[in-house]
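Colleague: Pasting coords25.pdb below, which is PDB, C-alpha atoms.
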ATOM      1  CA  MET A  20     128.004  51.471 134.002
ATOM      2  CA  GLY A  21     128.424  53.648 137.076
ATOM      3  CA  THR A  22     132.186  53.140 137.003
ATOM      4  CA  VAL A  23     132.395  54.141 133.335
ATOM      5  CA  VAL A  24     130.303  57.264 133.906
ATOM      6  CA  GLY A  25     132.399  58.125 136.931
ATOM      7  CA  LYS A  26     135.613  57.877 134.935
ATOM      8  CA  GLN A  27     134.154  60.004 132.157
ATOM      9  CA  MET A  28     133.134  62.673 134.671
ATOM     10  CA  SER A  29     136.574  62.507 136.267
ATOM     11  CA  ARG A  30     138.242  63.051 132.885
ATOM     12  CA  ALA A  31     135.900  65.950 132.092
ATOM     13  CA  ASN A  32     136.649  67.599 135.426
ATOM     14  CA  SER A  33     140.364  67.058 134.889
ATOM     15  CA  ARG A  34     140.204  68.721 131.462
ATOM     16  CA  ARG A  35     138.245  71.655 132.875
ATOM     17  CA  THR A  36     140.704  72.064 135.731
ATOM     18  CA  ALA A  37     143.640  71.997 133.322
ATOM     19  CA  ILE A  38     142.061  74.698 131.150
ATOM     20  CA  LEU A  39     141.357  76.917 134.159
ATOM     21  CA  ALA A  40     144.899  76.464 135.396
ATOM     22  CA  CYS A  41     146.309  77.368 131.975
ATOM     23  CA  VAL A  42     144.176  80.513 132.063
ATOM     24  CA  ALA A  43     145.817  81.430 135.350
ATOM     25  CA  PHE A  44     149.302  81.154 133.874
ATOM     26  CA  ALA A  45     148.138  83.125 130.846
ATOM     27  CA  CYS A  46     147.052  85.997 133.059
ATOM     28  CA  VAL A  47     150.614  86.216 134.339
ATOM     29  CA  ALA A  48     151.381  88.007 131.052
ATOM     30  CA  CYS A  49     149.696  91.056 132.561
ATOM     31  CA  LEU A  50     152.157  91.014 135.474
ATOM     32  CA  HIS A  51     155.478  91.140 133.619
ATOM     33  CA  THR A  52     157.551  94.217 134.258
ATOM     34  CA  GLN A  53     159.965  93.970 131.332
ATOM     35  CA  PRO A  54     159.505  94.234 127.544
ATOM     36  CA  ASP A  55     161.198  90.867 126.957
ATOM     37  CA  PRO A  56     160.304  88.270 129.605
ATOM     38  CA  GLU A  57     163.002  85.875 128.397
ATOM     39  CA  HIS A  58     165.841  88.407 128.678
ATOM     40  CA  PRO A  59     165.052  90.866 131.493
ATOM     41  CA  PRO A  60     167.665  93.191 132.963
ATOM     42  CA  LEU A  61     168.950  91.507 136.116
ATOM     43  CA  ASP A  62     169.764  93.001 139.473
ATOM     44  CA  GLU A  63     171.785  91.418 142.252
ATOM     45  CA  ASN A  64     168.748  89.601 143.636
ATOM     46  CA  THR A  65     167.606  88.051 140.357
ATOM     47  CA  ALA A  66     170.827  87.576 138.412
ATOM     48  CA  SER A  67     170.798  83.825 138.912
ATOM     49  CA  ASN A  68     167.031  83.463 139.090
ATOM     50  CA  PRO A  69     165.347  84.993 136.024
ATOM     51  CA  PRO A  70     161.533  84.983 136.118
ATOM     52  CA  PRO A  71     159.711  82.369 134.057
ATOM     53  CA  SER A  72     158.553  83.356 130.602
ATOM     54  CA  VAL A  73     155.015  83.080 129.302
ATOM     55  CA  THR A  74     154.934  80.339 126.688
ATOM     56  CA  PRO A  75     152.992  80.259 123.382
ATOM     57  CA  ASP A  76     150.674  77.437 124.498
ATOM     58  CA  ILE A  77     149.319  79.727 127.192
ATOM     59  CA  ASP A  78     148.210  82.270 124.617
ATOM     60  CA  GLU A  79     146.475  79.414 122.817
ATOM     61  CA  ALA A  80     144.630  78.510 125.988
ATOM     62  CA  LEU A  81     143.528  82.116 126.358
ATOM     63  CA  GLN A  82     142.138  82.196 122.848
ATOM     64  CA  THR A  83     140.277  78.952 123.486
ATOM     65  CA  THR A  84     138.623  80.163 126.665
ATOM     66  CA  GLY A  85     138.280  83.824 125.743
ATOM     67  CA  THR A  86     139.617  85.088 129.046
ATOM     68  CA  ALA A  87     142.293  87.504 127.848
ATOM     69  CA  ASN A  88     143.648  89.324 124.855
ATOM     70  CA  HIS A  89     145.454  87.736 121.901
ATOM     71  CA  ALA A  90     149.242  87.760 121.919
ATOM     72  CA  ASP A  91     149.450  90.273 119.085
ATOM     73  CA  SER A  92     147.320  92.797 120.972
ATOM     74  CA  ARG A  93     149.247  92.530 124.233
ATOM     75  CA  PRO A  94     150.426  96.016 125.260
ATOM     76  CA  GLU A  95     154.120  96.744 125.047
ATOM     77  CA  VAL A  96     155.679  97.495 128.423
ATOM     78  CA  THR A  97     158.669  99.773 128.596
ATOM     79  CA  THR A  98     161.378  99.779 131.215
ATOM     80  CA  PRO A  99     161.291 102.900 133.394
ATOM     81  CA  SER A 100     164.333 105.141 133.525
ATOM     82  CA  PRO A 101     166.254 105.548 136.805
ATOM     83  CA  THR A 102     164.823 109.055 137.057
ATOM     84  CA  ALA A 103     161.264 107.784 136.732
ATOM     85  CA  ARG A 104     161.829 105.298 139.548
ATOM     86  CA  GLN A 105     162.724 108.135 141.917
ATOM     87  CA  VAL A 106     159.441 109.991 141.397
ATOM     88  CA  ALA A 107     156.942 109.520 144.218
ATOM     89  CA  PRO A 108     154.036 107.388 142.966
ATOM     90  CA  VAL A 109     150.664 108.986 142.340
ATOM     91  CA  GLU A 110     147.684 107.217 143.885
ATOM     92  CA  VAL A 111     144.745 106.455 141.629
ATOM     93  CA  ALA A 112     141.326 104.959 142.209
ATOM     94  CA  LEU A 113     140.182 101.702 140.689
ATOM     95  CA  PRO A 114     138.152 102.357 137.506
ATOM     96  CA  ALA A 115     134.448 101.771 137.986
ATOM     97  CA  ASP A 116     134.352  99.278 135.103
ATOM     98  CA  TRP A 117     137.367  97.188 136.164
ATOM     99  CA  SER A 118     135.220  94.083 136.599
ATOM    100  CA  SER A 119     132.947  94.610 133.588
ATOM    101  CA  THR A 120     135.228  95.808 130.802
ATOM    102  CA  PRO A 121     135.346  93.274 127.940
ATOM    103  CA  ARG A 122     137.910  90.548 128.459
ATOM    104  CA  ASP A 123     139.845  91.330 125.286
ATOM    105  CA  ALA A 124     140.287  94.946 126.410
ATOM    106  CA  PHE A 125     141.250  94.236 130.003
ATOM    107  CA  ALA A 126     145.034  94.006 129.511
ATOM    108  CA  ALA A 127     145.178  97.064 127.255
ATOM    109  CA  ASP A 128     143.160  99.070 129.768
ATOM    110  CA  LEU A 129     145.556  98.047 132.525
ATOM    111  CA  GLN A 130     148.504  99.413 130.594
ATOM    112  CA  ARG A 131     146.651 102.695 130.154
ATOM    113  CA  TRP A 132     145.695 103.394 133.764
ATOM    114  CA  LEU A 133     148.161 101.238 135.736
ATOM    115  CA  PRO A 134     151.511 101.142 133.885
ATOM    116  CA  ILE A 135     154.317  99.136 135.465
ATOM    117  CA  ASP A 136     156.803 101.934 135.905
ATOM    118  CA  GLY A 137     156.475 102.934 139.549
ATOM    119  CA  ARG A 138     154.625 106.173 138.772
ATOM    120  CA  ILE A 139     151.182 105.033 139.852
ATOM    121  CA  ARG A 140     149.762 102.951 142.673
ATOM    122  CA  LEU A 141     146.270 102.223 143.937
ATOM    123  CA  ASP A 142     144.692 104.120 146.785
ATOM    124  CA  ALA A 143     143.767 102.308 149.997
ATOM    125  CA  ALA A 144     140.058 102.091 149.158
ATOM    126  CA  SER A 145     140.806 100.406 145.834
ATOM    127  CA  ILE A 146     143.129  97.880 147.469
ATOM    128  CA  ALA A 147     140.374  97.079 149.963
ATOM    129  CA  THR A 148     137.878  96.589 147.111
ATOM    130  CA  LEU A 149     140.233  94.213 145.322
ATOM    131  CA  SER A 150     140.948  92.348 148.543
ATOM    132  CA  ARG A 151     137.243  91.596 148.882
ATOM    133  CA  ALA A 152     137.054  90.631 145.215
ATOM    134  CA  LEU A 153     139.644  87.884 145.737
ATOM    135  CA  ARG A 154     137.376  85.886 148.041
ATOM    136  CA  PRO A 155     134.729  84.414 145.702
ATOM    137  CA  SER A 156     137.273  82.582 143.481
ATOM    138  CA  ASP A 157     135.522  83.703 140.310
ATOM    139  CA  GLU A 158     136.535  85.649 137.213
ATOM    140  CA  ASN A 159     136.646  88.920 139.118
ATOM    141  CA  SER A 160     139.089  87.372 141.568
ATOM    142  CA  VAL A 161     141.452  86.701 138.669
ATOM    143  CA  ARG A 162     141.210  90.310 137.517
ATOM    144  CA  ALA A 163     141.742  91.525 141.080
ATOM    145  CA  ALA A 164     144.876  89.406 141.447
ATOM    146  CA  VAL A 165     146.274  90.690 138.151
ATOM    147  CA  ILE A 166     145.700  94.315 139.147
ATOM    148  CA  LEU A 167     147.171  93.881 142.629
ATOM    149  CA  GLY A 168     150.161  92.032 141.214
ATOM    150  CA  ARG A 169     150.946  94.791 138.713
ATOM    151  CA  THR A 170     151.198  97.534 141.341
ATOM    152  CA  GLN A 171     154.343  96.137 143.039
ATOM    153  CA  ASP A 172     153.087  98.008 146.103
ATOM    154  CA  PRO A 173     153.851  96.124 149.356
ATOM    155  CA  ARG A 174     150.322  96.891 150.548
ATOM    156  CA  ALA A 175     148.901  95.097 147.526
ATOM    157  CA  GLY A 176     151.444  92.288 147.859
ATOM    158  CA  ASP A 177     150.415  91.747 151.459
ATOM    159  CA  VAL A 178     146.792  91.394 150.349
ATOM    160  CA  LEU A 179     147.810  88.737 147.812
ATOM    161  CA  LEU A 180     149.835  86.832 150.397
ATOM    162  CA  ALA A 181     147.011  87.008 152.920
ATOM    163  CA  ARG A 182     144.734  85.433 150.319
ATOM    164  CA  LEU A 183     147.268  82.670 149.681
ATOM    165  CA  GLU A 184     147.734  82.105 153.400
ATOM    166  CA  ALA A 185     144.005  81.527 153.756
ATOM    167  CA  ARG A 186     144.788  78.234 151.962
ATOM    168  CA  VAL A 187     141.408  78.006 150.259
ATOM    169  CA  PRO A 188     140.936  74.402 149.065
ATOM    170  CA  GLU A 189     139.834  73.428 145.593
ATOM    171  CA  ARG A 190     136.120  72.785 145.204
ATOM    172  CA  PRO A 191     133.652  72.162 142.354
ATOM    173  CA  GLY A 192     133.048  75.286 140.307
ATOM    174  CA  MET A 193     135.972  77.130 141.878
ATOM    175  CA  LEU A 194     138.128  79.252 139.587
ATOM    176  CA  PHE A 195     141.466  78.985 141.393
ATOM    177  CA  ALA A 196     143.228  80.935 138.639
ATOM    178  CA  GLY A 197     143.224  84.037 140.849
ATOM    179  CA  ASP A 198     145.317  82.274 143.478
ATOM    180  CA  VAL A 199     147.804  81.044 140.870
ATOM    181  CA  VAL A 200     148.133  84.617 139.593
ATOM    182  CA  ALA A 201     148.555  85.866 143.173
ATOM    183  CA  ALA A 202     151.490  83.512 143.704
ATOM    184  CA  ALA A 203     152.983  84.205 140.277
ATOM    185  CA  ALA A 204     152.962  87.938 140.980
ATOM    186  CA  PHE A 205     155.911  87.413 143.326
ATOM    187  CA  SER A 206     157.927  86.020 140.415
ATOM    188  CA  SER A 207     157.194  89.236 138.525
ATOM    189  CA  GLY A 208     158.073  92.008 140.956
ATOM    190  CA  ALA A 209     155.345  91.989 143.621
ATOM    191  CA  SER A 210     156.612  92.562 147.151
ATOM    192  CA  ALA A 211     155.403  92.090 150.707
ATOM    193  CA  PRO A 212     156.982  91.766 154.160
ATOM    194  CA  ASP A 213     158.812  88.408 154.461
ATOM    195  CA  ALA A 214     157.389  87.329 151.098
ATOM    196  CA  GLY A 215     160.054  84.696 150.446
ATOM    197  CA  ALA A 216     159.630  82.918 153.766
ATOM    198  CA  ARG A 217     155.835  83.080 153.589
ATOM    199  CA  LEU A 218     155.735  81.662 150.067
ATOM    200  CA  GLU A 219     158.174  78.944 151.077
ATOM    201  CA  ALA A 220     155.857  77.977 153.940
ATOM    202  CA  LEU A 221     153.003  77.701 151.423
ATOM    203  CA  SER A 222     154.964  75.204 149.365
ATOM    204  CA  ARG A 223     155.985  72.495 151.818
ATOM    205  CA  GLY A 224     154.961  70.363 154.755
ATOM    206  CA  SER A 225     151.724  70.618 156.666
ATOM    207  CA  GLY A 226     151.363  74.303 155.807
ATOM    208  CA  ALA A 227     151.430  73.782 152.041
ATOM    209  CA  HIS A 228     148.659  75.311 149.954
ATOM    210  CA  PRO A 229     145.991  72.651 149.273
ATOM    211  CA  VAL A 230     145.671  73.499 145.552
ATOM    212  CA  LEU A 231     148.593  71.862 143.787
ATOM    213  CA  ASP A 232     148.840  74.492 141.040
ATOM    214  CA  VAL A 233     149.076  77.266 143.636
ATOM    215  CA  ARG A 234     151.578  75.308 145.710
ATOM    216  CA  VAL A 235     153.911  74.837 142.740
ATOM    217  CA  GLU A 236     153.727  78.542 141.895
ATOM    218  CA  CYS A 237     154.423  79.513 145.523
ATOM    219  CA  ALA A 238     157.450  77.214 145.465
ATOM    220  CA  ALA A 239     158.718  78.774 142.237
ATOM    221  CA  ALA A 240     158.311  82.297 143.598
ATOM    222  CA  SER A 241     160.066  81.440 146.862
ATOM    223  CA  LEU A 242     163.102  80.187 144.924
ATOM    224  CA  LEU A 243     163.214  83.417 142.972
ATOM    225  CA  LEU A 244     163.183  85.335 146.261
ATOM    226  CA  GLY A 245     166.227  83.485 147.553
ATOM    227  CA  ARG A 246     164.648  80.697 149.629
ATOM    228  CA  ASP A 247     165.550  77.075 148.931
ATOM    229  CA  GLY A 248     163.241  75.198 151.295
ATOM    230  CA  ALA A 249     160.869  74.297 148.437
ATOM    231  CA  ILE A 250     163.537  72.417 146.476
ATOM    232  CA  PRO A 251     162.804  68.978 148.020
ATOM    233  CA  PHE A 252     159.118  69.338 147.164
ATOM    234  CA  LEU A 253     159.825  70.390 143.580
ATOM    235  CA  LEU A 254     162.239  67.506 143.025
ATOM    236  CA  ALA A 255     159.807  65.014 144.563
ATOM    237  CA  PHE A 256     157.062  66.402 142.361
ATOM    238  CA  LEU A 257     159.218  65.957 139.252
ATOM    239  CA  ARG A 258     159.672  62.289 140.209
ATOM    240  CA  GLU A 259     155.938  61.611 139.908
ATOM    241  CA  GLY A 260     155.430  58.939 137.260
ATOM    242  CA  THR A 261     159.005  57.612 137.529
ATOM    243  CA  SER A 262     160.517  54.639 139.334
ATOM    244  CA  ALA A 263     161.678  56.978 142.117
ATOM    245  CA  GLN A 264     158.295  58.548 142.887
ATOM    246  CA  ASP A 265     157.295  59.028 146.518
ATOM    247  CA  PRO A 266     154.981  56.156 147.575
ATOM    248  CA  ARG A 267     153.016  58.526 149.811
ATOM    249  CA  PRO A 268     153.257  62.103 148.567
ATOM    250  CA  ASP A 269     151.823  64.884 150.707
ATOM    251  CA  TRP A 270     149.651  66.088 147.826
ATOM    252  CA  THR A 271     146.681  64.527 146.052
ATOM    253  CA  ARG A 272     148.170  62.357 143.344
ATOM    254  CA  LEU A 273     147.097  63.014 139.754
ATOM    255  CA  ASP A 274     146.998  60.466 136.936
ATOM    256  CA  PHE A 275     150.425  60.253 135.368
ATOM    257  CA  ASP A 276     149.051  61.164 131.919
ATOM    258  CA  ASP A 277     146.994  64.079 133.256
ATOM    259  CA  GLU A 278     147.881  67.253 131.332
ATOM    260  CA  ARG A 279     147.569  69.200 134.540
ATOM    261  CA  LEU A 280     150.341  67.139 136.156
ATOM    262  CA  LEU A 281     152.565  67.397 133.091
ATOM    263  CA  ARG A 282     152.133  71.162 132.844
ATOM    264  CA  LEU A 283     152.925  71.621 136.529
ATOM    265  CA  GLN A 284     155.988  69.394 136.287
ATOM    266  CA  ASP A 285     157.282  71.544 133.434
ATOM    267  CA  ARG A 286     156.696  74.615 135.607
ATOM    268  CA  ALA A 287     158.569  73.035 138.526
ATOM    269  CA  ALA A 288     161.486  72.129 136.268
ATOM    270  CA  ARG A 289     161.702  75.667 134.887
ATOM    271  CA  ALA A 290     161.792  77.044 138.422
ATOM    272  CA  LEU A 291     164.601  74.703 139.469
ATOM    273  CA  SER A 292     166.573  75.380 136.290
ATOM    274  CA  ALA A 293     166.210  79.138 136.758
ATOM    275  CA  HIS A 294     167.386  78.740 140.356
ATOM    276  CA  LEU A 295     170.519  77.028 139.031
ATOM    277  CA  GLY A 296     170.956  79.551 136.225
ATOM    278  CA  ILE A 297     170.745  76.932 133.474
ATOM    279  CA  ALA A 298     168.474  76.289 130.510
ATOM    280  CA  CYS A 299     165.582  73.957 131.302
ATOM    281  CA  ALA A 300     165.999  70.596 129.561
ATOM    282  CA  PHE A 301     163.251  68.722 131.404
ATOM    283  CA  ARG A 302     160.139  67.862 129.400
ATOM    284  CA  ALA A 303     157.235  66.221 131.201
ATOM    285  CA  HIS A 304     156.083  64.531 127.982
ATOM    286  CA  ALA A 305     159.457  62.811 127.499
ATOM    287  CA  SER A 306     160.040  59.139 128.242
ATOM    288  CA  VAL A 307     160.523  57.985 131.819
ATOM    289  CA  ALA A 308     164.208  57.276 131.190
ATOM    290  CA  VAL A 309     164.835  60.749 129.784
ATOM    291  CA  ARG A 310     162.970  62.393 132.644
ATOM    292  CA  GLU A 311     164.820  60.374 135.260
ATOM    293  CA  SER A 312     168.144  61.335 133.718
ATOM    294  CA  GLU A 313     167.303  65.041 133.770
ATOM    295  CA  ILE A 314     165.963  64.867 137.345
ATOM    296  CA  ALA A 315     169.219  63.199 138.417
ATOM    297  CA  ARG A 316     171.182  65.966 136.701
ATOM    298  CA  LEU A 317     169.187  68.680 138.460
ATOM    299  CA  SER A 318     169.558  66.910 141.814
ATOM    300  CA  ASN A 319     173.326  66.625 141.387
ATOM    301  CA  LEU A 320     173.691  70.261 140.391
ATOM    302  CA  ILE A 321     171.674  71.364 143.415
ATOM    303  CA  ALA A 322     173.710  69.109 145.724
ATOM    304  CA  ASN A 323     176.984  70.426 144.294
ATOM    305  CA  ARG A 324     175.841  73.999 144.755
ATOM    306  CA  GLY A 325     174.955  73.240 148.367
ATOM    307  CA  ARG A 326     178.377  71.729 149.054
ATOM    308  CA  ALA A 327     180.140  74.641 147.399
ATOM    309  CA  SER A 328     178.206  77.221 149.439
ATOM    310  CA  SER A 329     178.985  75.433 152.714
ATOM    311  CA  ARG A 330     182.756  75.609 152.199
TER     312      ARG A 330
END
Translate the structure described by the file into structure tokens.
Modeller:
Amino acid sequence: MGTVVGKQMSRANSRRTAILACVAFACVACLHTQPDPEHPPLDENTASNPPPSVTPDIDEALQTTGTANHADSRPEVTTPSPTARQVAPVEVALPADWSSTPRDAFAADLQRWLPIDGRIRLDAASIATLSRALRPSDENSVRAAVILGRTQDPRAGDVLLARLEARVPERPGMLFAGDVVAAAAFSSGASAPDAGARLEALSRGSGAHPVLDVRVECAAASLLLGRDGAIPFLLAFLREGTSAQDPRPDWTRLDFDDERLLRLQDRAARALSAHLGIACAFRAHASVAVRESEIARLSNLIANRGRASSR
């Protein structure tokens, strides 16, 4: 009886964790800097590494949990003109109701007082307030991460990276969505000193972030910022549940049918595909044979790129 109850509790916790993680990825919608996340204008740093798009299933997760606005009410973000980018940003204070405004109004309010066009940034006192708000790993920490990520101010980015570098482990009742959003911000325009190298360090080896969802997002962001040290981890993670899986991975292994694992594998595959500049064909729900074939294709493309760059 105890074993059965234990398994039921484990499944319940797994479902809850998956929902919370989906909420984190949903909040990334508030970070995007372009009107069309699937076809953003590219500069020389991102031409071969377009940021990941927010998928429809994430909006569904938001509606289920009630933690953000519906897709049809998401504010439209416009691309700033070159002239607007040259204007010195105006500092504003954090609204008094930033942590209490209704969830369905949060994103719309952000667009009103903190547009992503380089015209406005937070003052130092507000950044300090949001830095403190990141610590409890609760709903306010998610809001704080979204706000800091939207500013694209290196001061705010440094606060997000410092939070990630604290490597806060997962624990019962913890809402780690804020840390996922913090990492994802660097795939959407956030900046900080040595961000690429620091995110790479959070994705591999003994210094990897202890929360798998955060680790995968750090790895994805580091690729986008031109670092490739996370590639071995991402490929090894894709091999979970196949005949080539690592017998002793350096992360806590999830059940192979766990939706959390499958979602994160899809995220890892999108990051690798974007790094290569190709459409993502990997699907975590596909058969083992199909997945192994696509992993082999990705591995070969990465190896060929490495050989070509060394010539």
Colleague: Selected by the PyMOL selection byres ((chain A and resi 155-165) around 7) in the shown coordinates: which residues, as number ranges by chain?
Modeller: A: 46, 49-50, 118, 149, 152-154, 166-169, 193-197, 200-201
Colleague: Once the PyMOL selection byres ((chain A and resi 241-252) around 7) has been applied to the shown file, what residues remain in the selection, as a ChimeraX atom specification?
Modeller: /A:65,68,206,215-216,218-219,222-223,237-240,253-256,294
Colleague: How far is it from CA of Gln284 in chain A to CA of Gly192 in chain A, in Å with one decimal?
Modeller: 24.0 Å
Colleague: May I ask for the distance between CA of Asn323 in chain A and CA of Leu295 in chain A, given in Å to one decimal place?
Modeller: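 Computed distance, CA of Asn323 in chain A to CA of Leu295 in chain A, equals 10.6 Å.
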Colleague: Convert the output of the PyMOL selection byres ((chain A and resi 178) around 12) on the shown file into explicit residues, formatted as a PyMOL selection string.
Modeller: chain A and resi 143+145-154+163-164+166-168+170-177+179-185+198+201-202+204+209-212+214
